[in-house]
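Undergrad: Just one file: model07.txt, with compact mmCIF, C-alpha atoms.
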```txt
# COMPACT_ATOMS: atom_id res chain seq x y z
CA MET B 1086 -15.47 -4.37 27.25
CA ALA B 1087 -12.71 -6.70 26.16
CA ASN B 1088 -10.89 -5.03 23.32
CA ILE B 1089 -7.71 -5.40 21.37
CA LYS B 1090 -5.52 -2.46 22.23
CA GLU B 1091 -2.39 -1.25 20.60
CA TYR B 1092 0.50 -2.12 22.83
CA LYS B 1093 3.17 0.44 23.57
CA ARG B 1094 6.22 -0.29 25.61
CA ASP B 1095 6.75 2.06 28.48
CA PHE B 1096 8.57 5.27 27.86
CA LEU B 1097 11.82 4.44 29.65
CA ASN B 1098 12.25 1.10 27.90
CA SER B 1099 11.62 2.57 24.51
CA ILE B 1100 14.21 5.30 25.18
CA LEU B 1101 16.72 2.68 26.27
CA ASP B 1102 15.94 0.56 23.24
CA ARG B 1103 16.56 3.46 20.99
CA PHE B 1104 19.71 4.36 22.83
CA PHE B 1105 21.23 0.97 22.28
CA ASP B 1106 19.87 0.43 18.85
CA GLU B 1107 22.64 0.80 16.36
CA VAL B 1108 20.33 1.63 13.53
CA ASN B 1109 18.12 4.32 14.89
CA GLU B 1110 15.25 3.42 12.63
CA ILE B 1111 11.63 4.03 13.50
CA PRO B 1112 9.55 1.23 11.96
CA ILE B 1113 6.76 1.95 9.48
CA LYS B 1114 3.23 1.70 10.84
CA PHE B 1115 0.95 0.31 8.15
CA PRO B 1116 -2.72 1.23 8.55
CA ILE B 1117 -5.08 -1.32 10.07
CA ASP B 1118 -8.77 -2.00 10.44
CA LEU B 1119 -10.02 -3.88 13.43
CA LYS B 1120 -13.42 -5.51 13.51
CA GLU B 1121 -15.24 -7.69 15.96
CA THR B 1122 -17.68 -10.40 15.01
CA GLU B 1123 -19.68 -12.80 17.12
CA ASP B 1124 -16.90 -15.35 17.35
CA SER B 1125 -13.69 -13.53 16.42
CA PHE B 1126 -11.63 -10.39 16.05
CA ILE B 1127 -10.47 -9.53 12.52
CA LEU B 1128 -7.39 -7.40 11.99
CA GLN B 1129 -6.53 -6.26 8.48
CA MET B 1130 -3.27 -4.50 7.69
CA GLU B 1131 -2.32 -2.86 4.38
CA VAL B 1132 1.08 -4.26 3.46
CA PRO B 1133 1.31 -3.89 -0.32
CA GLY B 1134 4.12 -5.39 -2.38
CA ILE B 1135 5.77 -7.60 0.18
CA ASN B 1136 6.91 -11.21 0.14
CA LYS B 1137 4.77 -13.39 2.38
CA GLU B 1138 7.99 -14.70 3.92
CA ASP B 1139 8.97 -11.21 5.06
CA ILE B 1140 6.01 -10.88 7.43
CA ILE B 1141 6.37 -12.33 10.94
CA ILE B 1142 3.44 -12.73 13.33
CA GLU B 1143 4.16 -13.63 16.95
CA THR B 1144 2.15 -13.90 20.13
CA GLN B 1145 3.62 -13.85 23.59
CA ASN B 1146 1.96 -13.01 26.89
CA ASN B 1147 -1.16 -11.92 25.04
CA ILE B 1148 0.79 -9.46 22.90
CA LEU B 1149 0.33 -9.89 19.16
CA LYS B 1150 3.35 -8.62 17.27
CA ILE B 1151 3.38 -8.11 13.51
CA TYR B 1152 6.71 -7.14 12.04
CA GLY B 1153 9.03 -7.57 9.11
CA GLU B 1154 10.76 -5.74 6.36
CA LYS B 1155 9.54 -4.35 3.07
CA LYS B 1156 12.44 -4.69 0.71
CA GLU B 1157 13.16 -2.46 -2.20
CA GLU B 1158 13.97 -3.93 -5.59
CA LYS B 1159 17.62 -3.75 -6.47
CA ARG B 1160 18.43 -0.69 -8.50
CA GLU B 1161 21.06 -0.19 -11.09
CA GLU B 1162 23.38 2.74 -11.05
CA GLU B 1163 21.92 4.30 -14.17
CA ASP B 1164 18.36 4.17 -12.80
CA ASN B 1165 16.78 7.55 -12.40
CA VAL B 1166 14.24 7.96 -9.61
CA ILE B 1167 11.50 10.34 -10.72
CA TYR B 1168 8.91 9.71 -7.97
CA SER B 1169 9.40 7.89 -4.71
CA GLU B 1170 6.43 7.96 -2.40
CA ILE B 1171 6.53 4.26 -1.56
CA LYS B 1172 7.96 3.51 1.87
CA TYR B 1173 10.47 0.72 2.32
CA GLY B 1174 12.12 -0.64 5.43
CA LYS B 1175 11.23 -2.26 8.72
CA PHE B 1176 7.67 -2.26 10.00
CA GLU B 1177 6.23 -3.21 13.36
CA ARG B 1178 3.02 -3.02 15.32
CA GLN B 1179 1.96 -4.65 18.57
CA PHE B 1180 -1.45 -5.24 20.05
CA ARG B 1181 -2.57 -6.35 23.47
CA LEU B 1182 -5.13 -9.11 23.14
CA PRO B 1183 -8.04 -9.44 25.54
CA ASP B 1184 -8.34 -12.57 27.69
CA ILE B 1185 -11.22 -13.73 25.56
CA ALA B 1186 -8.95 -14.04 22.49
CA ASP B 1187 -7.63 -17.50 21.71
CA ALA B 1188 -3.99 -16.80 20.85
CA ASP B 1189 -3.32 -20.43 19.92
CA LYS B 1190 -5.84 -20.44 17.12
CA ILE B 1191 -4.82 -17.31 15.25
CA ASP B 1192 -5.07 -17.59 11.49
CA ALA B 1193 -3.42 -15.31 8.94
CA ILE B 1194 -3.63 -14.88 5.17
CA TYR B 1195 -1.92 -12.48 2.79
CA GLN B 1196 -3.90 -11.57 -0.28
CA ASN B 1197 -4.01 -8.58 -2.59
CA GLY B 1198 -1.61 -6.64 -0.38
CA ILE B 1199 -3.73 -7.14 2.73
CA LEU B 1200 -2.64 -9.15 5.74
CA LYS B 1201 -5.73 -10.54 7.39
CA ILE B 1202 -5.45 -11.97 10.88
CA VAL B 1203 -8.40 -13.77 12.41
CA ILE B 1204 -8.28 -14.13 16.19
CA PRO B 1205 -11.01 -16.45 17.44
CA LYS B 1206 -12.71 -15.94 20.76
CA LYS B 1207 -12.43 -18.68 23.36
CA GLU B 1208 -15.45 -20.92 23.48
CA GLU B 1209 -15.96 -20.92 27.21
CA LYS B 1210 -15.53 -17.19 27.51
CA LYS B 1211 -18.38 -16.25 25.24
CA PRO B 1212 -20.86 -14.23 27.19
CA LYS B 1213 -23.61 -16.34 28.60
CA LYS B 1214 -27.15 -15.34 29.10
CA ILE B 1215 -28.31 -15.79 32.62
CA SER B 1216 -31.95 -15.75 33.23
CA ILE B 1217 -33.13 -14.18 36.43
CA LYS B 1218 -35.77 -15.96 38.29
CA VAL B 1219 -38.43 -13.89 39.87
CA LYS B 1220 -39.90 -15.15 43.04
CA MET U 920 10.61 19.85 -35.91
CA ASN U 921 12.60 21.52 -33.20
CA ILE U 922 15.27 20.22 -30.98
CA LEU U 923 14.13 20.86 -27.45
CA GLU U 924 16.14 20.74 -24.33
CA TYR U 925 15.75 17.38 -22.67
CA ASN U 926 14.83 17.78 -19.04
CA PRO U 927 14.26 14.47 -17.29
CA ILE U 928 12.62 16.09 -14.25
CA ASN U 929 9.73 17.25 -16.39
CA VAL U 930 9.50 14.03 -18.35
CA LEU U 931 6.69 12.51 -16.36
CA ASN U 932 5.21 15.59 -14.89
CA GLU U 933 2.17 14.90 -12.82
CA VAL U 934 -0.73 16.98 -13.92
CA ASP U 935 -1.54 19.05 -10.94
CA LYS U 936 -4.84 18.09 -9.48
CA LEU U 937 -5.78 21.71 -9.08
CA PHE U 938 -5.25 22.45 -12.77
CA SER U 939 -7.00 19.32 -13.95
CA SER U 940 -9.98 20.24 -11.85
CA MET U 941 -9.98 23.68 -13.47
CA PHE U 942 -9.79 22.41 -17.02
CA ASN U 943 -12.17 19.53 -16.65
CA LEU U 944 -14.53 21.63 -14.62
CA GLU U 945 -14.71 18.75 -12.25
CA ASN U 946 -14.41 20.12 -8.82
CA ARG U 947 -14.06 17.21 -6.51
CA ARG U 948 -11.55 15.78 -4.13
CA TYR U 949 -10.63 12.13 -4.18
CA ASP U 950 -10.83 10.02 -1.08
CA LEU U 951 -7.39 8.53 -1.29
CA ILE U 952 -4.10 9.23 -3.01
CA PRO U 953 -2.20 6.05 -3.79
CA ALA U 954 1.57 6.18 -3.23
CA VAL U 955 3.47 6.16 -6.52
CA GLU U 956 7.01 5.37 -7.56
CA ILE U 957 8.49 6.06 -11.01
CA ILE U 958 11.90 4.76 -11.98
CA GLU U 959 13.52 5.52 -15.31
CA LYS U 960 15.65 2.73 -16.69
CA LYS U 961 17.78 2.65 -19.80
CA ASP U 962 15.01 1.35 -22.06
CA LYS U 963 11.81 1.96 -20.07
CA TYR U 964 10.01 3.70 -17.22
CA ILE U 965 8.48 1.65 -14.42
CA LEU U 966 5.50 3.17 -12.61
CA LYS U 967 4.29 1.52 -9.42
CA ALA U 968 1.16 2.46 -7.52
CA GLU U 969 0.18 0.93 -4.21
CA LEU U 970 -3.45 -0.16 -4.24
CA PRO U 971 -3.83 -2.66 -1.39
CA GLY U 972 -7.15 -4.41 -0.99
CA ILE U 973 -8.51 -3.22 -4.31
CA ASP U 974 -10.09 -5.61 -6.78
CA LYS U 975 -8.33 -5.81 -10.15
CA ASN U 976 -11.65 -5.12 -11.86
CA ASP U 977 -12.05 -1.88 -9.93
CA ILE U 978 -8.90 -0.33 -11.41
CA SER U 979 -8.88 1.48 -14.74
CA ILE U 980 -5.88 2.74 -16.72
CA GLU U 981 -6.41 5.18 -19.56
CA ILE U 982 -4.24 7.19 -21.91
CA ASP U 983 -5.90 10.16 -23.59
CA GLU U 984 -5.03 11.96 -26.83
CA ASN U 985 -2.65 14.30 -24.98
CA ASN U 986 -0.58 11.40 -23.68
CA VAL U 987 -1.91 11.76 -20.16
CA LEU U 988 -1.99 8.47 -18.30
CA THR U 989 -4.73 8.22 -15.70
CA ILE U 990 -5.08 5.56 -13.04
CA SER U 991 -8.46 5.61 -11.36
CA GLY U 992 -10.83 3.40 -9.49
CA VAL U 993 -12.58 2.68 -6.27
CA LYS U 994 -11.53 0.94 -3.09
CA LYS U 995 -14.42 -0.91 -1.55
CA GLU U 996 -14.74 -2.12 1.95
CA GLU U 997 -14.67 -5.86 2.41
CA ILE U 998 -17.73 -7.24 4.07
CA GLU U 999 -17.55 -10.39 6.14
CA GLU U 1000 -20.11 -12.73 4.75
CA ASN U 1001 -22.09 -15.18 6.82
CA LYS U 1002 -21.01 -13.46 9.97
CA LYS U 1003 -22.82 -11.16 12.22
CA GLU U 1004 -20.64 -8.13 12.59
CA GLU U 1005 -20.50 -6.35 15.83
CA GLY U 1006 -18.78 -3.48 14.13
CA TYR U 1007 -15.52 -1.67 13.91
CA TYR U 1008 -13.75 -0.28 16.78
CA TYR U 1009 -10.60 0.75 15.03
CA SER U 1010 -10.31 1.96 11.45
CA GLU U 1011 -7.30 3.61 9.86
CA ARG U 1012 -7.73 2.40 6.31
CA VAL U 1013 -9.25 4.78 3.80
CA TYR U 1014 -11.89 3.68 1.30
CA GLY U 1015 -13.41 5.39 -1.72
CA GLU U 1016 -12.41 6.78 -5.09
CA PHE U 1017 -8.94 7.61 -6.32
CA LYS U 1018 -7.44 9.14 -9.45
CA ARG U 1019 -3.94 10.13 -10.43
CA SER U 1020 -2.72 11.45 -13.79
CA PHE U 1021 0.71 11.66 -15.32
CA GLN U 1022 1.93 13.44 -18.45
CA LEU U 1023 3.86 10.89 -20.46
CA ALA U 1024 7.11 11.72 -22.17
CA ASP U 1025 7.33 11.77 -25.98
CA ASP U 1026 9.87 8.98 -25.97
CA ILE U 1027 7.38 6.43 -24.62
CA ASN U 1028 6.03 3.80 -26.95
CA ILE U 1029 2.35 3.95 -26.02
CA GLU U 1030 1.50 0.87 -28.09
CA LYS U 1031 3.71 -1.30 -25.93
CA ILE U 1032 2.62 -0.25 -22.44
CA GLU U 1033 1.99 -3.19 -20.14
CA ALA U 1034 0.37 -3.40 -16.72
CA GLU U 1035 0.36 -5.98 -13.97
CA PHE U 1036 -1.38 -6.13 -10.61
CA LYS U 1037 0.13 -8.23 -7.86
CA ASP U 1038 0.03 -8.14 -4.05
CA GLY U 1039 -1.78 -4.82 -4.08
CA VAL U 1040 0.80 -3.12 -6.31
CA LEU U 1041 -0.01 -1.94 -9.83
CA THR U 1042 3.08 -1.98 -12.04
CA ILE U 1043 2.96 -0.22 -15.40
CA ILE U 1044 5.86 -0.72 -17.78
CA LEU U 1045 6.34 2.12 -20.25
CA PRO U 1046 8.93 1.12 -22.86
CA LYS U 1047 10.92 3.83 -24.63
CA LYS U 1048 10.74 4.14 -28.40
CA GLU U 1049 13.51 2.35 -30.21
CA GLU U 1050 14.48 5.18 -32.52
CA LYS U 1051 14.77 7.70 -29.73
CA LYS U 1052 17.44 5.81 -27.87
CA SER U 1053 20.54 7.95 -27.72
CA LYS U 1054 22.92 7.44 -30.58
CA LYS U 1055 26.58 8.06 -30.62
CA ILE U 1056 27.64 10.32 -33.42
CA THR U 1057 31.17 10.09 -34.50
CA LEU U 1058 32.76 13.23 -35.80
CA LYS U 1059 34.57 13.02 -39.02
CA THR U 1060 37.65 15.13 -39.35
CA LYS U 1061 38.73 16.15 -42.74
```
Could you express the structure from this file as structure tokens?

TA:
Amino acid sequence: MANIKEYKRDFLNSILDRFFDEVNEIPIKFPIDLKETEDSFILQMEVPGINKEDIIIETQNNILKIYGEKKEEKREEEDNVIYSEIKYGKFERQFRLPDIADADKIDAIYQNGILKIVIPKKEEKKPKKISIKVK
Amino acid sequence: MNILEYNPINVLNEVDKLFSSMFNLENRRYDLIPAVEIIEKKDKYILKAELPGIDKNDISIEIDENNVLTISGVKKEEIEENKKEEGYYYSERVYGEFKRSFQLADDINIEKIEAEFKDGVLTIILPKKEEKKSKKITLKTK
């Protein structure tokens, strides 16, 4: 079955990346839902309270990368933080797209704190029904 | 009226879910717990709750006679219309009911509380009462 799979870089590369990364920051992983319909894959990510401009979606070699930064509002010195459960900082997730996905026709909208990415399936790759003739 | 020690940590003390369930005799767990942030500024408190993918009409904000502010509601799953769904194969998002309560400080002007919902974040502005703003008292020396 052709599925979208979360893409993880191999262990050695990720260690090296971390080694050379000046800011040793592990990006936030926002929760997602992934659905499949007849003609597309639908990925929804919960990214509340972010500027649309701070979300970047890229595809390269069938890898879909969603990343960006959730910025905190500027605080004044006299501000007193009573509760802070909201996460701020860099976020990133990558997914390996199946061959059937049409990476050139990906559509994305941000509404109500949800990033919705629609990945259409290629026309010619839709499964065909083949009738078997009986002799 | 007494003068009580002012302890900002206890100002917006969240009513423990366990206790509220004991007193209200409601013994249920909520499906999701929205992340909350409360910042105290010079003249107000700002409460933010993350409620992504929730309809504005599905959120309710109430303040009871004991000055307890309650945010509650339900997060419904979005259904793709006009499309035959072949189903989920990955689901990390949580749907269902939520409820969180906060004990408000005496210095909050309840009449002037305002709320806004944008990009999945509920922001409640709780202004402080004018008369309770700290005053400088000058000492007179005779």

Undergrad: Between atom CA of B:Ile1148 and atom CA of B:Ala1188, what is the spacing in Å?

TA: 9.0 Å

Undergrad: Taking into account all atoms listed in the file, which residue in the set U:Lys1037, U:Lys963, U:Lys994, U:Arg1019 is nearest to chain B?

TA: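 Among the listed residues, U:Lys1037 lies closest to chain B.
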
Undergrad: Could you tell me how far atom CA of B:Lys1175 lies from atom CA of U:Ile973, in Å and to one decimal?

TA: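 A separation of 23.7 Å between them.
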
Undergrad: As a ChimeraX atom specification, please: the residues near stretch 952-962 of chain U (cut-off 6 Å, only C-alpha atoms, same-chain neighbours under 5 positions excluded).

TA: /B:1164-1171 /U:967-969,1047

Undergrad: Closest to chain B among U:Ile1044, U:Leu1058, U:Ile1029, U:Leu970, using all atoms listed in the file?

TA: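 Among U:Ile1044, U:Leu1058, U:Ile1029, U:Leu970, it is U:Leu970 that comes nearest to chain B.
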
Undergrad: Return as a VMD selection string the residues belonging to chain B that are within 10 Å of chain U, counting only C-alpha atoms.

TA: chain B and resid 1088 to 1090 1115 to 1137 1160 to 1172 1195 to 1200

Undergrad: Figure out the distance between atom CA of B:Phe1176 and atom CA of B:Ile1151, please, to one decimal in Å.

TA: 8.1 Å

Undergrad: For U:Val993, work out the shell of residues within 6 Å, counting all atoms listed in the file and skipping chain neighbours fewer than 2 positions away, then give it as a list of chain:residue names.

TA: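 My list of contacting residues is U:Asp977, U:Gly1015, U:Glu1016.
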
Undergrad: Which of these residues is nearest to B:Asn1146, using all atoms listed in the file: B:Glu1177, B:Glu1110, B:Asp1189, B:Glu1158?

TA: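 Using all atoms listed in the file, B:Asn1146 sits closest to B:Asp1189.
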
Undergrad: Counting all atoms listed in the file, figure out which residue out of U:Lys1048, U:Lys1018, U:Lys1055, U:Lys1061 gets nearest to U:Glu981.

TA: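 Ranked by minimum distance to U:Glu981, first place goes to U:Lys1018.
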